[in-house]
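A short worksheet on the structure shown next.
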Amino acid sequence: MGTKTVETPRLTLRRLESADAEMMFHNWTSDEKVTRFLRWDAHKTIEETKDMVRRWVNSYQYDSTYYWGMYLKNGEMIGSIGVTVISEPDLKGELGYKIGSRWWGQGYSSEAAGAVVDYMFRNTDMERISAFSSVENPGSRKVMEKIGMHYEGLLQHYYRTRDGFHDCTLYAILRKEWEQACKAVCL
């Protein structure tokens with residue numbers, strides 16, 4: 001299926017375009033607060049962001065790419081979100097998201113993440129979608145809980161950033177759990 005545009009009440013999730021690099025740089029890729037929990041440092045130049053956008057735009061040629069820019073209805077890009085297919089035979093994906101610190105705590109990440117999980121279960125064979133976050137990042141954990149993911153455990157020294165290794169909480173949602181939640185909402 002690949003990345004198709006998704007509309008939510010406050011956001012448009014769509015494929016990245018080369019022209020988005022400037023907004024990305026100013027709104028989140030250069031933000032030290034945002035990149036604290038990422039494997040890459042805040043971008044010092046717009047060229048770094050342009051290179052990142054170029055790689056994502058090139059990846060859209062593959063139907064297994066699920067990566068969206070997060071845009072307010074006025075067109076301003078505030079973050080990005082995606083699902084990486086981590087095992088095709090096992091139908092497993094991993095959700096990841098980033099949002100500029102100016103928009104933290106306003107529900108945008110939860111709105112986008114819920115829409116992406118819904119998109120994946122409606123349009124792919126995905127059986128399981130997981131996500132993880134540093135134990136030092138409670139905001140990310142709240143997003144996972146808000147969209148119906150369940151806590152599965154602690155992953156010690158799961159990944160490394162500029163600050164060293166991070167212990168992470170692992171959350172996931174299965175297709176049957178998503179289906180049950182959909183039925184409850186639709187009644």
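Identifiers in this document derive from the order of the structure tokens: chains are assigned A, B, ..., residues are numbered from 1 separately in each chain, and ligands are numbered from 1 in order of occurrence.
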- request: Name the residues in contact with Tyr60 of chain A at a cut-off of 10 Å, using only C-alpha atoms, excluding same-chain residues fewer than 6 positions from it; report them as a list of chain:residue names.
  value: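 Using only C-alpha atoms, the neighbours found are A:Gly2, A:Thr3, A:Arg15, A:Leu16, A:Tyr66, A:Tyr67.
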message: Residues of chain A classed as helix (DSSP H, G or I) by DSSP on the backbone are to be reported as an MDAnalysis selection string.
response: chainID A and resid 18:29 32:35 46:59 101:103 108:123 138:146 175:186
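If only C-alpha atoms are the atoms counted, then among A:Lys92, A:Lys44, A:Lys50, A:His150 the closest residue to Glu177 of chain A is A:His150.
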- line: A straight line from atom CA of Val117 of chain A to atom CA of Tyr151 of chain A spans 16.2 Å
Gap from atom CA of Phe165 of chain A to atom CA of Trp104 of chain A - Å, one decimal: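 These atoms are spaced 23.8 Å apart.
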message: So that I can see what lies close to Leu91 of chain A, please list as a list in words the residues with an atom at most 12 Å from it, counting only C-alpha atoms and leaving out residues fewer than 6 positions away in the same chain.
response: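 Listed by chain and then number, they are Ser64, Val83, Thr84, Val85, Met120, Phe121, Thr124, Asp125, Met126, Glu127, Arg128, Ile129, Ser130, Leu174 and Arg175 of chain A.
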Selection near Ser110 of chain A, 7 Å with only C-alpha atoms, sequence-local residues under 5 positions removed, as a CSV table (one decimal) with N, CA, C and O atoms, in the first residue's frame:
chain,number,residue,atom,x,y,z
A,143,VAL,N,1.7,8.7,24.8
A,143,VAL,CA,1.2,8.6,23.5
A,143,VAL,C,0.9,7.1,23.2
A,143,VAL,O,-0.2,6.8,22.7
A,146,LYS,N,-2.2,6.1,25.2
A,146,LYS,CA,-3.4,6.8,24.7
A,146,LYS,C,-4.0,6.1,23.4
A,146,LYS,O,-5.2,6.1,23.2
A,147,ILE,N,-3.1,5.5,22.6
A,147,ILE,CA,-3.6,4.9,21.3
A,147,ILE,C,-3.9,3.5,21.5
A,147,ILE,O,-4.1,2.8,20.5
message: Nearest residue to Trp68 of chain A out of A:Asn137, A:Gln180, A:Asn123, A:Thr5, using only C-alpha atoms?
response: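 Looking only at the distances to Trp68 of chain A, the closest residue turns out to be A:Thr5.
Here the question is which of A:Arg54, A:Arg102, A:Arg160, A:Lys73 gets nearest to Ala19 of chain A using only C-alpha atoms, and that residue is A:Arg54.
Backbone DSSP over segment 75-118 of chain A yields strand (DSSP E or B) at Met77, Ile78, Gly79, Ser80, Ile81, Gly82, Val83, Thr84, Val85, Ile86, Ser87, Lys92, Gly93, Glu94, Leu95, Gly96, Tyr97, Lys98 and Ile99 of chain A.
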Those residues with N, CA, C and O atoms, as a tab-separated table (two decimals), in the first residue's frame please?
chain	number	residue	atom	x	y	z
A	77	MET	N	4.59	22.18	8.95
A	77	MET	CA	5.07	20.86	9.36
A	77	MET	C	5.58	20.93	10.79
A	77	MET	O	6.43	21.74	11.11
A	78	ILE	N	5.07	20.02	11.63
A	78	ILE	CA	5.45	20.05	13.04
A	78	ILE	C	6.20	18.79	13.48
A	78	ILE	O	6.71	18.74	14.59
A	79	GLY	N	6.26	17.78	12.63
A	79	GLY	CA	6.95	16.55	13.00
A	79	GLY	C	6.84	15.50	11.91
A	79	GLY	O	6.45	15.80	10.78
A	80	SER	N	7.17	14.28	12.28
A	80	SER	CA	7.04	13.16	11.34
A	80	SER	C	6.70	11.90	12.12
A	80	SER	O	6.90	11.82	13.34
A	81	ILE	N	6.19	10.92	11.39
A	81	ILE	CA	5.75	9.67	12.01
A	81	ILE	C	5.84	8.57	10.97
A	81	ILE	O	5.64	8.82	9.77
A	82	GLY	N	6.15	7.37	11.42
A	82	GLY	CA	6.23	6.28	10.47
A	82	GLY	C	6.17	4.93	11.14
A	82	GLY	O	6.30	4.81	12.36
A	83	VAL	N	5.97	3.92	10.32
A	83	VAL	CA	6.02	2.53	10.77
A	83	VAL	C	7.06	1.84	9.91
A	83	VAL	O	6.98	1.85	8.68
A	84	THR	N	8.04	1.25	10.58
A	84	THR	CA	9.05	0.46	9.89
A	84	THR	C	8.64	-1.00	9.94
A	84	THR	O	8.33	-1.52	11.02
A	85	VAL	N	8.58	-1.65	8.80
A	85	VAL	CA	8.27	-3.08	8.75
A	85	VAL	C	9.54	-3.79	9.23
A	85	VAL	O	10.56	-3.78	8.55
A	86	ILE	N	9.47	-4.38	10.42
A	86	ILE	CA	10.67	-5.01	10.99
A	86	ILE	C	10.73	-6.50	10.69
A	86	ILE	O	11.79	-7.10	10.84
A	87	SER	N	9.61	-7.10	10.29
A	87	SER	CA	9.61	-8.50	9.87
A	87	SER	C	8.42	-8.73	8.96
A	87	SER	O	7.28	-8.78	9.44
A	92	LYS	N	5.15	-7.73	11.35
A	92	LYS	CA	5.42	-6.84	12.49
A	92	LYS	C	5.97	-5.51	12.02
A	92	LYS	O	6.81	-5.46	11.12
A	93	GLY	N	5.50	-4.46	12.67
A	93	GLY	CA	6.01	-3.13	12.40
A	93	GLY	C	6.33	-2.40	13.69
A	93	GLY	O	5.86	-2.78	14.76
A	94	GLU	N	7.14	-1.36	13.56
A	94	GLU	CA	7.53	-0.55	14.71
A	94	GLU	C	7.20	0.91	14.43
A	94	GLU	O	7.65	1.47	13.43
A	95	LEU	N	6.43	1.49	15.31
A	95	LEU	CA	5.99	2.88	15.20
A	95	LEU	C	7.04	3.82	15.80
A	95	LEU	O	7.58	3.53	16.87
A	96	GLY	N	7.29	4.93	15.13
A	96	GLY	CA	8.18	5.95	15.66
A	96	GLY	C	7.66	7.33	15.27
A	96	GLY	O	7.04	7.48	14.22
A	97	TYR	N	7.88	8.32	16.11
A	97	TYR	CA	7.37	9.67	15.84
A	97	TYR	C	8.28	10.70	16.49
A	97	TYR	O	8.96	10.43	17.46
A	98	LYS	N	8.27	11.89	15.89
A	98	LYS	CA	9.04	13.03	16.38
A	98	LYS	C	8.17	14.26	16.16
A	98	LYS	O	7.53	14.39	15.12
A	99	ILE	N	8.19	15.18	17.11
A	99	ILE	CA	7.41	16.40	16.98
A	99	ILE	C	8.17	17.55	17.63
A	99	ILE	O	8.83	17.36	18.66
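Here the question is which of A:Gly100, A:Pro89, A:Pro9, A:Gly75 gets nearest to Ser30 of chain A using only C-alpha atoms, and that residue is A:Gly100.
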query: In Å, with one decimal, what is the gap from atom CA of Val57 of chain A to atom CA of Glu32 of chain A?
result: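 So the two atoms, atom CA of Val57 of chain A and atom CA of Glu32 of chain A, lie 24.1 Å apart.
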field: For Trp103 of chain A, the nearest of the candidates A:Arg14, A:Lys176, A:Lys33, A:Lys183, counting only C-alpha atoms
entry: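 Of A:Arg14, A:Lys176, A:Lys33, A:Lys183, the one nearest Trp103 of chain A is A:Lys33, counting only C-alpha atoms.
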Could you pull the residues within 10 Å of Tyr159 of chain A, counting only C-alpha atoms, minus those fewer than 3 positions along the same chain, as a tab-separated table (two decimals) with all heavy atoms, in the first residue's frame?
chain	number	residue	atom	x	y	z
A	37	PHE	N	16.35	12.08	22.44
A	37	PHE	CA	16.07	10.65	22.50
A	37	PHE	C	16.22	9.95	21.16
A	37	PHE	O	15.79	8.81	21.00
A	37	PHE	CB	14.67	10.41	23.07
A	37	PHE	CG	14.52	10.93	24.47
A	37	PHE	CD1	13.75	12.05	24.74
A	37	PHE	CD2	15.17	10.32	25.53
A	37	PHE	CE1	13.61	12.53	26.03
A	37	PHE	CE2	15.05	10.79	26.82
A	37	PHE	CZ	14.27	11.91	27.08
A	38	LEU	N	16.81	10.63	20.18
A	38	LEU	CA	16.99	10.04	18.86
A	38	LEU	C	18.43	9.59	18.68
A	38	LEU	O	19.31	9.99	19.42
A	38	LEU	CB	16.62	11.06	17.78
A	38	LEU	CG	15.19	11.58	17.83
A	38	LEU	CD1	14.97	12.60	16.72
A	38	LEU	CD2	14.18	10.44	17.72
A	39	ARG	N	18.66	8.79	17.66
A	39	ARG	CA	20.01	8.28	17.39
A	39	ARG	C	20.85	9.26	16.59
A	39	ARG	O	21.99	8.98	16.28
A	39	ARG	CB	19.92	6.96	16.65
A	39	ARG	CG	19.32	5.87	17.50
A	39	ARG	CD	19.15	4.61	16.68
A	39	ARG	NE	18.31	3.70	17.40
A	39	ARG	CZ	18.67	2.47	17.72
A	39	ARG	NH1	19.83	2.02	17.35
A	39	ARG	NH2	17.85	1.70	18.38
A	133	SER	N	10.14	3.59	24.02
A	133	SER	CA	10.64	4.92	24.36
A	133	SER	C	11.55	4.81	25.57
A	133	SER	O	11.41	3.90	26.40
A	133	SER	CB	9.49	5.89	24.65
A	133	SER	OG	8.89	5.61	25.88
A	134	SER	N	12.45	5.75	25.66
A	134	SER	CA	13.34	5.82	26.82
A	134	SER	C	12.50	5.98	28.09
A	134	SER	O	11.48	6.67	28.08
A	134	SER	CB	14.29	7.01	26.67
A	134	SER	OG	14.99	7.24	27.88
A	155	LEU	N	13.25	-2.89	28.29
A	155	LEU	CA	14.39	-3.29	27.48
A	155	LEU	C	15.61	-2.53	27.99
A	155	LEU	O	15.70	-1.31	27.82
A	155	LEU	CB	14.13	-2.96	26.00
A	155	LEU	CG	12.84	-3.53	25.41
A	155	LEU	CD1	12.54	-2.89	24.07
A	155	LEU	CD2	12.95	-5.03	25.28
A	156	GLN	N	16.51	-3.23	28.62
A	156	GLN	CA	17.66	-2.56	29.21
A	156	GLN	C	18.71	-2.24	28.15
A	156	GLN	O	19.00	-3.05	27.29
A	156	GLN	CB	18.27	-3.44	30.31
A	156	GLN	CG	17.32	-3.62	31.47
A	156	GLN	CD	17.92	-4.46	32.57
A	156	GLN	OE1	18.80	-5.30	32.34
A	156	GLN	NE2	17.45	-4.25	33.79
A	164	GLY	N	24.35	8.38	25.93
A	164	GLY	CA	24.66	7.03	26.38
A	164	GLY	C	23.51	6.07	26.10
A	164	GLY	O	22.61	6.37	25.32
A	165	PHE	N	23.55	4.92	26.77
A	165	PHE	CA	22.53	3.90	26.56
A	165	PHE	C	21.25	4.24	27.33
A	165	PHE	O	21.31	4.80	28.42
A	165	PHE	CB	23.04	2.52	26.99
A	165	PHE	CG	24.00	1.94	26.00
A	165	PHE	CD1	25.37	2.06	26.17
A	165	PHE	CD2	23.51	1.27	24.89
A	165	PHE	CE1	26.24	1.53	25.25
A	165	PHE	CE2	24.38	0.74	23.95
A	165	PHE	CZ	25.75	0.87	24.14
A	166	HIS	N	20.12	3.87	26.73
A	166	HIS	CA	18.81	4.12	27.35
A	166	HIS	C	18.09	2.82	27.62
A	166	HIS	O	18.04	1.94	26.75
A	166	HIS	CB	17.94	4.96	26.41
A	166	HIS	CG	18.35	6.38	26.31
A	166	HIS	ND1	17.74	7.38	27.01
A	166	HIS	CD2	19.34	6.97	25.58
A	166	HIS	CE1	18.32	8.54	26.72
A	166	HIS	NE2	19.30	8.30	25.85
A	167	ASP	N	17.54	2.70	28.81
A	167	ASP	CA	16.57	1.65	29.09
A	167	ASP	C	15.25	2.13	28.50
A	167	ASP	O	14.92	3.32	28.56
A	167	ASP	CB	16.40	1.44	30.60
A	167	ASP	CG	17.64	0.85	31.25
A	167	ASP	OD1	18.52	0.35	30.53
A	167	ASP	OD2	17.71	0.89	32.49
A	168	CYS	N	14.49	1.21	27.92
A	168	CYS	CA	13.26	1.60	27.22
A	168	CYS	C	12.08	0.76	27.67
A	168	CYS	O	12.23	-0.42	27.98
A	168	CYS	CB	13.45	1.42	25.71
A	168	CYS	SG	14.65	2.54	25.03
